[in-house]
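S.K.: Just so it is clear, I am handing over work.pdb, which has PDB, C-alpha atoms.
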```
ATOM      1  CA  MET M  29    -178.356  89.820 -27.192  1.00  0.00           C
ATOM      2  CA  LYS M  30    -179.319  86.579 -25.461  1.00  0.00           C
ATOM      3  CA  LYS M  31    -182.552  88.191 -24.194  1.00  0.00           C
ATOM      4  CA  MET M  32    -183.375  89.480 -27.673  1.00  0.00           C
ATOM      5  CA  PHE M  33    -183.095  85.933 -29.072  1.00  0.00           C
ATOM      6  CA  LEU M  34    -185.228  84.643 -26.237  1.00  0.00           C
ATOM      7  CA  VAL M  35    -187.954  87.234 -26.976  1.00  0.00           C
ATOM      8  CA  LEU M  36    -187.791  86.489 -30.724  1.00  0.00           C
ATOM      9  CA  PHE M  37    -187.916  82.719 -30.159  1.00  0.00           C
ATOM     10  CA  SER M  38    -190.856  83.059 -27.742  1.00  0.00           C
ATOM     11  CA  THR M  39    -192.784  85.202 -30.257  1.00  0.00           C
ATOM     12  CA  VAL M  40    -192.219  82.716 -33.091  1.00  0.00           C
ATOM     13  CA  PHE M  41    -193.121  79.810 -30.800  1.00  0.00           C
ATOM     14  CA  LEU M  42    -196.302  81.461 -29.510  1.00  0.00           C
ATOM     15  CA  PHE M  43    -197.644  82.457 -32.911  1.00  0.00           C
ATOM     16  CA  GLY M  44    -196.524  79.221 -34.542  1.00  0.00           C
ATOM     17  CA  CYS M  45    -198.480  76.987 -32.168  1.00  0.00           C
ATOM     18  CA  SER M  46    -201.676  75.422 -33.438  1.00  0.00           C
ATOM     19  CA  SER M  47    -204.925  75.375 -31.524  1.00  0.00           C
ATOM     20  CA  ASP M  48    -208.458  74.012 -31.930  1.00  0.00           C
ATOM     21  CA  GLY M  49    -209.398  77.183 -33.810  1.00  0.00           C
ATOM     22  CA  ASP M  50    -206.653  76.929 -36.405  1.00  0.00           C
ATOM     23  CA  SER M  51    -207.437  76.082 -39.973  1.00  0.00           C
ATOM     24  CA  GLY M  52    -205.669  75.646 -43.296  1.00  0.00           C
ATOM     25  CA  SER M  53    -204.008  73.036 -45.473  1.00  0.00           C
ATOM     26  CA  ASN M  54    -202.824  69.856 -43.763  1.00  0.00           C
ATOM     27  CA  ASN M  55    -201.691  66.387 -44.616  1.00  0.00           C
ATOM     28  CA  SER M  56    -204.182  64.837 -42.232  1.00  0.00           C
ATOM     29  CA  PHE M  57    -207.556  65.552 -40.698  1.00  0.00           C
ATOM     30  CA  ASN M  58    -207.741  67.066 -37.232  1.00  0.00           C
ATOM     31  CA  PRO M  59    -211.455  67.406 -36.418  1.00  0.00           C
ATOM     32  CA  PRO M  60    -212.305  69.640 -33.450  1.00  0.00           C
ATOM     33  CA  SER M  61    -213.056  67.792 -30.220  1.00  0.00           C
ATOM     34  CA  TRP M  62    -216.815  68.623 -30.180  1.00  0.00           C
ATOM     35  CA  ILE M  63    -217.416  66.624 -33.357  1.00  0.00           C
ATOM     36  CA  GLN M  64    -215.365  63.551 -32.467  1.00  0.00           C
ATOM     37  CA  GLY M  65    -217.455  60.385 -32.248  1.00  0.00           C
ATOM     38  CA  LYS M  66    -220.052  58.635 -34.378  1.00  0.00           C
ATOM     39  CA  TRP M  67    -223.041  60.575 -35.745  1.00  0.00           C
ATOM     40  CA  LEU M  68    -225.950  59.102 -37.685  1.00  0.00           C
ATOM     41  CA  GLU M  69    -228.664  60.819 -39.684  1.00  0.00           C
ATOM     42  CA  GLU M  70    -231.600  61.651 -37.422  1.00  0.00           C
ATOM     43  CA  ASN M  71    -234.563  60.112 -39.285  1.00  0.00           C
ATOM     44  CA  LEU M  72    -233.405  56.653 -40.280  1.00  0.00           C
ATOM     45  CA  GLY M  73    -230.050  56.390 -38.555  1.00  0.00           C
ATOM     46  CA  VAL M  74    -228.453  54.356 -41.321  1.00  0.00           C
ATOM     47  CA  SER M  75    -225.805  56.717 -42.640  1.00  0.00           C
ATOM     48  CA  GLY M  76    -223.557  59.346 -41.159  1.00  0.00           C
ATOM     49  CA  TYR M  77    -220.014  60.140 -40.177  1.00  0.00           C
ATOM     50  CA  ARG M  78    -217.424  59.145 -37.621  1.00  0.00           C
ATOM     51  CA  PHE M  79    -214.728  61.577 -36.572  1.00  0.00           C
ATOM     52  CA  THR M  80    -211.578  60.760 -34.649  1.00  0.00           C
ATOM     53  CA  ASN M  81    -208.762  63.110 -33.683  1.00  0.00           C
ATOM     54  CA  ASN M  82    -206.987  62.359 -36.977  1.00  0.00           C
ATOM     55  CA  ASP M  83    -209.551  61.010 -39.438  1.00  0.00           C
ATOM     56  CA  VAL M  84    -213.039  61.438 -40.884  1.00  0.00           C
ATOM     57  CA  MET M  85    -215.118  58.451 -41.947  1.00  0.00           C
ATOM     58  CA  SER M  86    -218.266  58.256 -43.984  1.00  0.00           C
ATOM     59  CA  VAL M  87    -220.696  55.671 -42.563  1.00  0.00           C
ATOM     60  CA  ILE M  88    -223.030  53.851 -44.954  1.00  0.00           C
ATOM     61  CA  MET M  89    -225.055  51.425 -42.872  1.00  0.00           C
ATOM     62  CA  THR M  90    -222.520  49.007 -41.379  1.00  0.00           C
ATOM     63  CA  THR M  91    -219.606  50.093 -43.583  1.00  0.00           C
ATOM     64  CA  GLU M  92    -217.186  52.883 -42.755  1.00  0.00           C
ATOM     65  CA  PHE M  93    -215.021  54.629 -45.367  1.00  0.00           C
ATOM     66  CA  SER M  94    -211.970  56.424 -44.058  1.00  0.00           C
ATOM     67  CA  PHE M  95    -211.215  59.609 -45.988  1.00  0.00           C
ATOM     68  CA  GLY M  96    -207.727  59.629 -44.480  1.00  0.00           C
ATOM     69  CA  GLU M  97    -207.020  56.114 -45.752  1.00  0.00           C
ATOM     70  CA  GLN M  98    -208.351  56.998 -49.216  1.00  0.00           C
ATOM     71  CA  ILE M  99    -206.068  60.007 -49.387  1.00  0.00           C
ATOM     72  CA  LYS M 100    -203.102  57.987 -48.176  1.00  0.00           C
ATOM     73  CA  SER M 101    -203.651  55.235 -50.738  1.00  0.00           C
ATOM     74  CA  VAL M 102    -204.070  57.713 -53.601  1.00  0.00           C
ATOM     75  CA  ASN M 103    -201.001  59.592 -52.392  1.00  0.00           C
ATOM     76  CA  ASN M 104    -198.982  56.374 -52.337  1.00  0.00           C
ATOM     77  CA  VAL M 105    -199.458  55.908 -56.071  1.00  0.00           C
ATOM     78  CA  GLY M 106    -198.121  59.399 -56.736  1.00  0.00           C
ATOM     79  CA  ALA M 107    -201.341  61.355 -57.176  1.00  0.00           C
ATOM     80  CA  ASN M 108    -201.769  64.873 -55.835  1.00  0.00           C
ATOM     81  CA  THR M 109    -203.839  65.101 -52.675  1.00  0.00           C
ATOM     82  CA  SER M 110    -204.572  67.789 -50.154  1.00  0.00           C
ATOM     83  CA  ILE M 111    -206.776  68.477 -47.146  1.00  0.00           C
ATOM     84  CA  ASN M 112    -208.001  71.977 -46.410  1.00  0.00           C
ATOM     85  CA  GLU M 113    -209.638  72.559 -43.038  1.00  0.00           C
ATOM     86  CA  GLU M 114    -211.142  75.946 -43.781  1.00  0.00           C
ATOM     87  CA  ILE M 115    -213.160  76.439 -40.588  1.00  0.00           C
ATOM     88  CA  LYS M 116    -212.439  74.649 -37.342  1.00  0.00           C
ATOM     89  CA  THR M 117    -214.121  76.247 -34.350  1.00  0.00           C
ATOM     90  CA  SER M 118    -216.097  75.094 -31.295  1.00  0.00           C
ATOM     91  CA  THR M 119    -219.325  75.134 -33.353  1.00  0.00           C
ATOM     92  CA  GLU M 120    -218.266  74.586 -36.943  1.00  0.00           C
ATOM     93  CA  TYR M 121    -216.098  72.273 -39.008  1.00  0.00           C
ATOM     94  CA  LYS M 122    -215.664  72.950 -42.699  1.00  0.00           C
ATOM     95  CA  PHE M 123    -213.143  71.092 -44.793  1.00  0.00           C
ATOM     96  CA  SER M 124    -212.441  69.819 -48.259  1.00  0.00           C
ATOM     97  CA  TYR M 125    -210.103  67.241 -49.646  1.00  0.00           C
ATOM     98  CA  THR M 126    -208.715  66.968 -53.136  1.00  0.00           C
ATOM     99  CA  LEU M 127    -207.747  63.815 -54.975  1.00  0.00           C
ATOM    100  CA  GLN M 128    -206.020  64.852 -58.198  1.00  0.00           C
ATOM    101  CA  SER M 129    -208.447  67.339 -59.757  1.00  0.00           C
ATOM    102  CA  SER M 130    -211.546  66.388 -57.799  1.00  0.00           C
ATOM    103  CA  THR M 131    -212.465  68.195 -54.572  1.00  0.00           C
ATOM    104  CA  GLN M 132    -215.077  67.045 -52.057  1.00  0.00           C
ATOM    105  CA  TYR M 133    -216.538  69.640 -49.686  1.00  0.00           C
ATOM    106  CA  PHE M 134    -217.980  69.147 -46.194  1.00  0.00           C
ATOM    107  CA  HIS M 135    -219.432  71.608 -43.731  1.00  0.00           C
ATOM    108  CA  PHE M 136    -220.886  70.731 -40.329  1.00  0.00           C
ATOM    109  CA  VAL M 137    -222.491  73.103 -37.856  1.00  0.00           C
ATOM    110  CA  LYS M 138    -223.146  72.225 -34.211  1.00  0.00           C
ATOM    111  CA  VAL M 139    -226.803  72.504 -33.188  1.00  0.00           C
ATOM    112  CA  SER M 140    -226.446  71.112 -29.662  1.00  0.00           C
ATOM    113  CA  ASN M 141    -224.091  68.787 -27.793  1.00  0.00           C
ATOM    114  CA  THR M 142    -225.799  65.796 -29.390  1.00  0.00           C
ATOM    115  CA  LYS M 143    -226.747  67.179 -32.817  1.00  0.00           C
ATOM    116  CA  PHE M 144    -225.126  68.809 -35.823  1.00  0.00           C
ATOM    117  CA  ARG M 145    -226.377  69.652 -39.274  1.00  0.00           C
ATOM    118  CA  ASP M 146    -224.605  69.436 -42.598  1.00  0.00           C
ATOM    119  CA  GLU M 147    -224.386  72.423 -44.884  1.00  0.00           C
ATOM    120  CA  LEU M 148    -223.625  70.662 -48.118  1.00  0.00           C
ATOM    121  CA  ASN M 149    -224.899  71.187 -51.627  1.00  0.00           C
ATOM    122  CA  ASP M 150    -228.626  71.158 -51.003  1.00  0.00           C
ATOM    123  CA  PRO M 151    -229.992  74.698 -50.930  1.00  0.00           C
ATOM    124  CA  ASP M 152    -233.438  73.435 -49.871  1.00  0.00           C
ATOM    125  CA  GLY M 153    -232.476  71.947 -46.571  1.00  0.00           C
ATOM    126  CA  TYR M 154    -230.003  70.035 -44.493  1.00  0.00           C
ATOM    127  CA  ASN M 155    -229.656  66.742 -42.696  1.00  0.00           C
ATOM    128  CA  LEU M 156    -229.507  66.529 -38.925  1.00  0.00           C
ATOM    129  CA  TYR M 157    -227.129  64.038 -37.339  1.00  0.00           C
ATOM    130  CA  VAL M 158    -227.383  62.645 -33.826  1.00  0.00           C
ATOM    131  CA  LYS M 159    -224.442  61.586 -31.680  1.00  0.00           C
ATOM    132  CA  GLN M 160    -224.427  57.860 -30.955  1.00  0.00           C
TER     133      GLN M 160
ATOM    134  CA  MET K  22    -229.605  62.833 -69.312  1.00  0.00           C
ATOM    135  CA  LYS K  23    -231.133  63.706 -65.954  1.00  0.00           C
ATOM    136  CA  ILE K  24    -233.606  61.473 -64.131  1.00  0.00           C
ATOM    137  CA  TYR K  25    -235.585  62.587 -61.082  1.00  0.00           C
ATOM    138  CA  PHE K  26    -236.742  60.161 -58.415  1.00  0.00           C
ATOM    139  CA  LYS K  27    -239.966  60.282 -56.466  1.00  0.00           C
ATOM    140  CA  LYS K  28    -239.351  57.593 -53.877  1.00  0.00           C
ATOM    141  CA  TYR K  29    -236.520  55.782 -52.165  1.00  0.00           C
ATOM    142  CA  LYS K  30    -235.911  53.068 -49.603  1.00  0.00           C
ATOM    143  CA  TYR K  31    -232.880  51.446 -48.083  1.00  0.00           C
ATOM    144  CA  THR K  32    -232.273  47.820 -48.955  1.00  0.00           C
ATOM    145  CA  HIS K  33    -233.342  46.601 -45.507  1.00  0.00           C
ATOM    146  CA  GLN K  34    -236.614  48.577 -45.546  1.00  0.00           C
ATOM    147  CA  ILE K  35    -240.059  47.508 -46.727  1.00  0.00           C
ATOM    148  CA  PHE K  36    -241.696  50.839 -47.490  1.00  0.00           C
ATOM    149  CA  TYR K  37    -240.638  53.700 -49.724  1.00  0.00           C
ATOM    150  CA  SER K  38    -240.293  57.321 -48.553  1.00  0.00           C
ATOM    151  CA  SER K  39    -240.516  60.511 -50.568  1.00  0.00           C
ATOM    152  CA  ALA K  40    -237.246  61.321 -52.344  1.00  0.00           C
ATOM    153  CA  THR K  41    -237.529  65.094 -52.699  1.00  0.00           C
ATOM    154  CA  GLY K  42    -234.811  66.519 -54.921  1.00  0.00           C
ATOM    155  CA  ALA K  43    -233.132  63.184 -55.649  1.00  0.00           C
ATOM    156  CA  SER K  44    -231.747  62.796 -59.147  1.00  0.00           C
ATOM    157  CA  LEU K  45    -229.291  61.009 -61.351  1.00  0.00           C
ATOM    158  CA  ASP K  46    -227.375  62.589 -64.203  1.00  0.00           C
ATOM    159  CA  ILE K  47    -225.640  60.425 -66.801  1.00  0.00           C
ATOM    160  CA  THR K  48    -222.688  62.418 -68.139  1.00  0.00           C
ATOM    161  CA  ASN K  49    -219.443  61.727 -69.991  1.00  0.00           C
ATOM    162  CA  ASP K  50    -217.672  62.112 -66.636  1.00  0.00           C
ATOM    163  CA  GLY K  51    -219.722  59.383 -64.962  1.00  0.00           C
ATOM    164  CA  ILE K  52    -223.086  58.939 -63.299  1.00  0.00           C
ATOM    165  CA  ILE K  53    -223.784  61.703 -60.810  1.00  0.00           C
ATOM    166  CA  PHE K  54    -226.250  60.810 -58.053  1.00  0.00           C
ATOM    167  CA  ASP K  55    -227.625  63.743 -56.088  1.00  0.00           C
ATOM    168  CA  LEU K  56    -229.346  62.300 -53.026  1.00  0.00           C
ATOM    169  CA  PRO K  57    -230.129  65.018 -50.468  1.00  0.00           C
ATOM    170  CA  MET K  58    -231.434  62.412 -48.018  1.00  0.00           C
ATOM    171  CA  ASN K  59    -228.115  60.581 -48.094  1.00  0.00           C
ATOM    172  CA  PRO K  60    -225.037  62.720 -48.847  1.00  0.00           C
ATOM    173  CA  GLN K  61    -222.842  59.690 -48.128  1.00  0.00           C
ATOM    174  CA  LEU K  62    -224.166  57.918 -51.236  1.00  0.00           C
ATOM    175  CA  SER K  63    -224.334  61.092 -53.347  1.00  0.00           C
ATOM    176  CA  GLY K  64    -221.514  61.689 -55.794  1.00  0.00           C
ATOM    177  CA  THR K  65    -219.969  60.567 -59.026  1.00  0.00           C
ATOM    178  CA  TYR K  66    -219.839  56.884 -59.942  1.00  0.00           C
ATOM    179  CA  PHE K  67    -217.886  55.263 -62.762  1.00  0.00           C
ATOM    180  CA  THR K  68    -219.190  51.988 -64.131  1.00  0.00           C
ATOM    181  CA  PHE K  69    -216.951  49.142 -65.270  1.00  0.00           C
ATOM    182  CA  GLY K  70    -219.314  47.204 -67.487  1.00  0.00           C
ATOM    183  CA  GLU K  71    -222.137  44.814 -66.834  1.00  0.00           C
ATOM    184  CA  VAL K  72    -221.726  42.081 -64.284  1.00  0.00           C
ATOM    185  CA  ARG K  73    -225.218  40.626 -64.704  1.00  0.00           C
ATOM    186  CA  ARG K  74    -228.212  41.037 -66.987  1.00  0.00           C
ATOM    187  CA  THR K  75    -231.649  39.542 -66.421  1.00  0.00           C
ATOM    188  CA  ASN K  76    -234.953  40.133 -68.176  1.00  0.00           C
ATOM    189  CA  SER K  77    -235.744  42.955 -65.799  1.00  0.00           C
ATOM    190  CA  LYS K  78    -232.448  44.615 -64.835  1.00  0.00           C
ATOM    191  CA  ILE K  79    -228.789  45.228 -65.592  1.00  0.00           C
ATOM    192  CA  THR K  80    -226.156  45.252 -62.851  1.00  0.00           C
ATOM    193  CA  TYR K  81    -223.006  47.331 -63.300  1.00  0.00           C
ATOM    194  CA  GLU K  82    -219.886  47.218 -61.186  1.00  0.00           C
ATOM    195  CA  ALA K  83    -218.986  50.752 -60.161  1.00  0.00           C
ATOM    196  CA  ARG K  84    -216.528  52.875 -58.210  1.00  0.00           C
ATOM    197  CA  LYS K  85    -217.475  56.023 -56.370  1.00  0.00           C
ATOM    198  CA  LEU K  86    -215.180  59.015 -56.724  1.00  0.00           C
ATOM    199  CA  GLY K  87    -212.996  59.225 -53.631  1.00  0.00           C
ATOM    200  CA  TYR K  88    -213.868  55.718 -52.398  1.00  0.00           C
ATOM    201  CA  SER K  89    -211.800  52.589 -53.015  1.00  0.00           C
ATOM    202  CA  SER K  90    -214.620  50.115 -52.333  1.00  0.00           C
ATOM    203  CA  LYS K  91    -216.603  48.298 -54.965  1.00  0.00           C
ATOM    204  CA  PHE K  92    -220.185  49.470 -55.526  1.00  0.00           C
ATOM    205  CA  PHE K  93    -222.904  48.056 -57.731  1.00  0.00           C
ATOM    206  CA  ILE K  94    -225.557  49.935 -59.659  1.00  0.00           C
ATOM    207  CA  ASP K  95    -228.735  48.180 -60.783  1.00  0.00           C
ATOM    208  CA  GLU K  96    -230.868  49.651 -63.534  1.00  0.00           C
ATOM    209  CA  GLU K  97    -234.321  48.311 -64.316  1.00  0.00           C
ATOM    210  CA  ILE K  98    -234.620  47.715 -68.074  1.00  0.00           C
ATOM    211  CA  ASP K  99    -237.601  50.075 -68.255  1.00  0.00           C
ATOM    212  CA  GLY K 100    -235.624  52.753 -66.376  1.00  0.00           C
ATOM    213  CA  SER K 101    -238.144  52.899 -63.537  1.00  0.00           C
ATOM    214  CA  LYS K 102    -235.763  51.958 -60.726  1.00  0.00           C
ATOM    215  CA  PHE K 103    -232.068  52.356 -59.880  1.00  0.00           C
ATOM    216  CA  SER K 104    -230.166  50.905 -56.937  1.00  0.00           C
ATOM    217  CA  ILE K 105    -226.732  51.656 -55.501  1.00  0.00           C
ATOM    218  CA  TYR K 106    -225.326  49.119 -53.087  1.00  0.00           C
ATOM    219  CA  LEU K 107    -222.158  47.730 -51.606  1.00  0.00           C
ATOM    220  CA  GLU K 108    -220.810  44.188 -51.796  1.00  0.00           C
ATOM    221  CA  ASN K 109    -222.648  43.378 -48.564  1.00  0.00           C
ATOM    222  CA  LEU K 110    -225.883  44.384 -50.381  1.00  0.00           C
ATOM    223  CA  GLU K 111    -226.471  47.430 -48.185  1.00  0.00           C
ATOM    224  CA  GLY K 112    -227.625  50.413 -50.160  1.00  0.00           C
ATOM    225  CA  ILE K 113    -230.492  52.432 -51.550  1.00  0.00           C
ATOM    226  CA  ILE K 114    -233.264  51.788 -54.084  1.00  0.00           C
ATOM    227  CA  LEU K 115    -234.561  54.771 -56.052  1.00  0.00           C
ATOM    228  CA  LYS K 116    -237.872  54.809 -57.879  1.00  0.00           C
ATOM    229  CA  LYS K 117    -238.958  57.254 -60.609  1.00  0.00           C
TER     230      LYS K 117
END
```
Do you think you could lay out the structure here as structure tokens?

M.R.:
Amino acid sequence: MKKMFLVLFSTVFLFGCSSDGDSGSNNSFNPPSWIQGKWLEENLGVSGYRFTNNDVMSVIMTTEFSFGEQIKSVNNVGANTSINEEIKTSTEYKFSYTLQSSTQYFHFVKVSNTKFRDELNDPDGYNLYVKQ
Amino acid sequence: MKIYFKKYKYTHQIFYSSATGASLDITNDGIIFDLPMNPQLSGTYFTFGEVRRTNSKITYEARKLGYSSKFFIDEEIDGSKFSIYLENLEGIILKK
């Protein structure tokens, strides 16, 4: 009986653990390790993103906007918020976040160790970002 | 009402670059900027009235959907130029 519980517990524990490849709805951002750091747009280098292990920031010149902080502050006033990390692999990071009824989508694909491209709303092309 | 832009430059730059695919759409739900060269500034803005009016332009205080910071939008009276910028004056200038 004891062994059966041990086997059951181990199975639940093993399959319940999260890894870098996991995805789904969360209360916080957990960007994969390859994307963590500051990345600026290749041509002019004025705008981009910064990723930490628990947040995503939009960089507009010298100003950074934390998506995590925005969500927290909206959540604190009782609004509905959610984060959905749809794809989180060693080459791709796709997520969206919802503030009330509005959802913002982001999709980044690794090109090399120092470059990624965004796959956003522009069907004609993409922006390349360089690691700083 | 949709407006397409031909050129853009950042506020610290001297020369304009080609703004392929950049547009602005004034809707009942706000002003939607589609700026493929700068996804960070793309999005929906809500204006909160005029903060300044000169002979050549009107400045509106604005908020960007999903951002808590204050933005400003300048519109040339003749509609030829729009700017989006932050309180520290960093931003983008779009030309028709």

S.K.: Enumerate, in order of chain and increasing residue number, the residues of chain K with an atom no farther than 8 Å from chain M, each with its shortest atom pair and distance in Å to one decimal, counting all atoms listed in the file, as JSON lines.

M.R.:
```
{"residue": "K:Pro57", "atom": "CA", "partner": "M:Asp150", "partner_atom": "CA", "distance": 6.3}
{"residue": "K:Met58", "atom": "CA", "partner": "M:Asn155", "partner_atom": "CA", "distance": 7.1}
{"residue": "K:Asn59", "atom": "CA", "partner": "M:Ser75", "partner_atom": "CA", "distance": 7.1}
{"residue": "K:Gln61", "atom": "CA", "partner": "M:Ser86", "partner_atom": "CA", "distance": 6.3}
{"residue": "K:Leu62", "atom": "CA", "partner": "M:Ile88", "partner_atom": "CA", "distance": 7.6}
{"residue": "K:Gly87", "atom": "CA", "partner": "M:Gln98", "partner_atom": "CA", "distance": 6.8}
{"residue": "K:Tyr88", "atom": "CA", "partner": "M:Gln98", "partner_atom": "CA", "distance": 6.5}
{"residue": "K:Ser89", "atom": "CA", "partner": "M:Gln98", "partner_atom": "CA", "distance": 6.8}
{"residue": "K:Glu111", "atom": "CA", "partner": "M:Met89", "partner_atom": "CA", "distance": 6.8}
{"residue": "K:Gly112", "atom": "CA", "partner": "M:Ile88", "partner_atom": "CA", "distance": 7.7}
```

S.K.: Can you list what the PyMOL selection byres ((chain K and resi 26) around 8) grabs from this structure, as a list of chain:residue names?

M.R.: K:Ile24, K:Tyr25, K:Lys27, K:Lys28, K:Tyr29, K:Ala40, K:Thr41, K:Gly42, K:Ala43, K:Ser44, K:Leu115, K:Lys116, K:Lys117

S.K.: Can I get the selection written as a PDB file, in the coordinates of the input, with C-alpha atoms?

M.R.:
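The new file out-v2.pdb reads:
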```pdb
ATOM      1  CA  ILE K  24    -233.606  61.473 -64.131  1.00  0.00           C
ATOM      2  CA  TYR K  25    -235.585  62.587 -61.082  1.00  0.00           C
ATOM      3  CA  LYS K  27    -239.966  60.282 -56.466  1.00  0.00           C
ATOM      4  CA  LYS K  28    -239.351  57.593 -53.877  1.00  0.00           C
ATOM      5  CA  TYR K  29    -236.520  55.782 -52.165  1.00  0.00           C
ATOM      6  CA  ALA K  40    -237.246  61.321 -52.344  1.00  0.00           C
ATOM      7  CA  THR K  41    -237.529  65.094 -52.699  1.00  0.00           C
ATOM      8  CA  GLY K  42    -234.811  66.519 -54.921  1.00  0.00           C
ATOM      9  CA  ALA K  43    -233.132  63.184 -55.649  1.00  0.00           C
ATOM     10  CA  SER K  44    -231.747  62.796 -59.147  1.00  0.00           C
ATOM     11  CA  LEU K 115    -234.561  54.771 -56.052  1.00  0.00           C
ATOM     12  CA  LYS K 116    -237.872  54.809 -57.879  1.00  0.00           C
ATOM     13  CA  LYS K 117    -238.958  57.254 -60.609  1.00  0.00           C
TER      14      LYS K 117
END
```

S.K.: Out of M:Leu156, M:Val139, M:Val84, M:Leu68, which residue has the shortest atom-to-atom distance to Thr119 in chain M when counting only C-alpha atoms?

M.R.: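 Going through M:Leu156, M:Val139, M:Val84, M:Leu68 one by one, the smallest distance to Thr119 in chain M is for M:Val139.
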
S.K.: List the residues selected by the PyMOL selection byres ((chain K and resi 70-86) around 10) in the file shown, writing them as a PyMOL selection string.

M.R.: (chain M and resi 127+130-132) or (chain K and resi 51-53+62-69+87-100+102-108)

S.K.: For the residues in the current selection, export C-alpha atoms as a PDB file, keeping the file's coordinate frame.

M.R.:
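Saved file part-v1.pdb follows:
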```
ATOM      1  CA  LEU M 127    -207.747  63.815 -54.975  1.00  0.00           C
ATOM      2  CA  SER M 130    -211.546  66.388 -57.799  1.00  0.00           C
ATOM      3  CA  THR M 131    -212.465  68.195 -54.572  1.00  0.00           C
ATOM      4  CA  GLN M 132    -215.077  67.045 -52.057  1.00  0.00           C
TER       5      GLN M 132
ATOM      6  CA  GLY K  51    -219.722  59.383 -64.962  1.00  0.00           C
ATOM      7  CA  ILE K  52    -223.086  58.939 -63.299  1.00  0.00           C
ATOM      8  CA  ILE K  53    -223.784  61.703 -60.810  1.00  0.00           C
ATOM      9  CA  LEU K  62    -224.166  57.918 -51.236  1.00  0.00           C
ATOM     10  CA  SER K  63    -224.334  61.092 -53.347  1.00  0.00           C
ATOM     11  CA  GLY K  64    -221.514  61.689 -55.794  1.00  0.00           C
ATOM     12  CA  THR K  65    -219.969  60.567 -59.026  1.00  0.00           C
ATOM     13  CA  TYR K  66    -219.839  56.884 -59.942  1.00  0.00           C
ATOM     14  CA  PHE K  67    -217.886  55.263 -62.762  1.00  0.00           C
ATOM     15  CA  THR K  68    -219.190  51.988 -64.131  1.00  0.00           C
ATOM     16  CA  PHE K  69    -216.951  49.142 -65.270  1.00  0.00           C
ATOM     17  CA  GLY K  87    -212.996  59.225 -53.631  1.00  0.00           C
ATOM     18  CA  TYR K  88    -213.868  55.718 -52.398  1.00  0.00           C
ATOM     19  CA  SER K  89    -211.800  52.589 -53.015  1.00  0.00           C
ATOM     20  CA  SER K  90    -214.620  50.115 -52.333  1.00  0.00           C
ATOM     21  CA  LYS K  91    -216.603  48.298 -54.965  1.00  0.00           C
ATOM     22  CA  PHE K  92    -220.185  49.470 -55.526  1.00  0.00           C
ATOM     23  CA  PHE K  93    -222.904  48.056 -57.731  1.00  0.00           C
ATOM     24  CA  ILE K  94    -225.557  49.935 -59.659  1.00  0.00           C
ATOM     25  CA  ASP K  95    -228.735  48.180 -60.783  1.00  0.00           C
ATOM     26  CA  GLU K  96    -230.868  49.651 -63.534  1.00  0.00           C
ATOM     27  CA  GLU K  97    -234.321  48.311 -64.316  1.00  0.00           C
ATOM     28  CA  ILE K  98    -234.620  47.715 -68.074  1.00  0.00           C
ATOM     29  CA  ASP K  99    -237.601  50.075 -68.255  1.00  0.00           C
ATOM     30  CA  GLY K 100    -235.624  52.753 -66.376  1.00  0.00           C
ATOM     31  CA  LYS K 102    -235.763  51.958 -60.726  1.00  0.00           C
ATOM     32  CA  PHE K 103    -232.068  52.356 -59.880  1.00  0.00           C
ATOM     33  CA  SER K 104    -230.166  50.905 -56.937  1.00  0.00           C
ATOM     34  CA  ILE K 105    -226.732  51.656 -55.501  1.00  0.00           C
ATOM     35  CA  TYR K 106    -225.326  49.119 -53.087  1.00  0.00           C
ATOM     36  CA  LEU K 107    -222.158  47.730 -51.606  1.00  0.00           C
ATOM     37  CA  GLU K 108    -220.810  44.188 -51.796  1.00  0.00           C
TER      38      GLU K 108
END
```

S.K.: What separation in Å, quoted to one decimal, exists between CA of Lys30 in chain K and CA of Val158 in chain M?

M.R.: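 Those two atoms sit 20.3 Å apart.
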
S.K.: Work out how far CA of His33 in chain K is from CA of Asn109 in chain K, in Å to one decimal.

M.R.: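 Interatomic distance here is 11.6 Å.
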
S.K.: Just to confirm, what's the straight-line distance from CA of Asp46 in chain K to CA of Tyr133 in chain M in Å (one decimal)?

M.R.: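 These atoms are spaced 19.4 Å apart.
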
S.K.: Would you give the centre and edge lengths, in Å to one decimal, of a box along x, y and z around the listed atoms of range 76-88 of chain M, with 5 Å added to each side, as lines of an AutoDock Vina configuration file?

M.R.:
```
center_x = -215.3
center_y = 58.5
center_z = -39.3
size_x = 26.6
size_y = 19.3
size_z = 21.3
```

S.K.: Could you list the residues chosen by the PyMOL selection byres ((chain M and resi 65) around 9) in this structure as a short mmCIF file (atom, residue, chain, number, x, y, z; two decimals) with C-alpha atoms, in the frame of the given file?

M.R.:
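Result file follows (expr.cif):
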```cif
data_model
loop_
_atom_site.label_atom_id
_atom_site.label_comp_id
_atom_site.auth_asym_id
_atom_site.auth_seq_id
_atom_site.Cartn_x
_atom_site.Cartn_y
_atom_site.Cartn_z
CA SER M 61 -213.06 67.79 -30.22
CA TRP M 62 -216.82 68.62 -30.18
CA ILE M 63 -217.42 66.62 -33.36
CA GLN M 64 -215.36 63.55 -32.47
CA LYS M 66 -220.05 58.64 -34.38
CA TRP M 67 -223.04 60.58 -35.74
CA TYR M 77 -220.01 60.14 -40.18
CA ARG M 78 -217.42 59.14 -37.62
CA PHE M 79 -214.73 61.58 -36.57
CA THR M 80 -211.58 60.76 -34.65
CA LYS M 159 -224.44 61.59 -31.68
CA GLN M 160 -224.43 57.86 -30.96
#
```
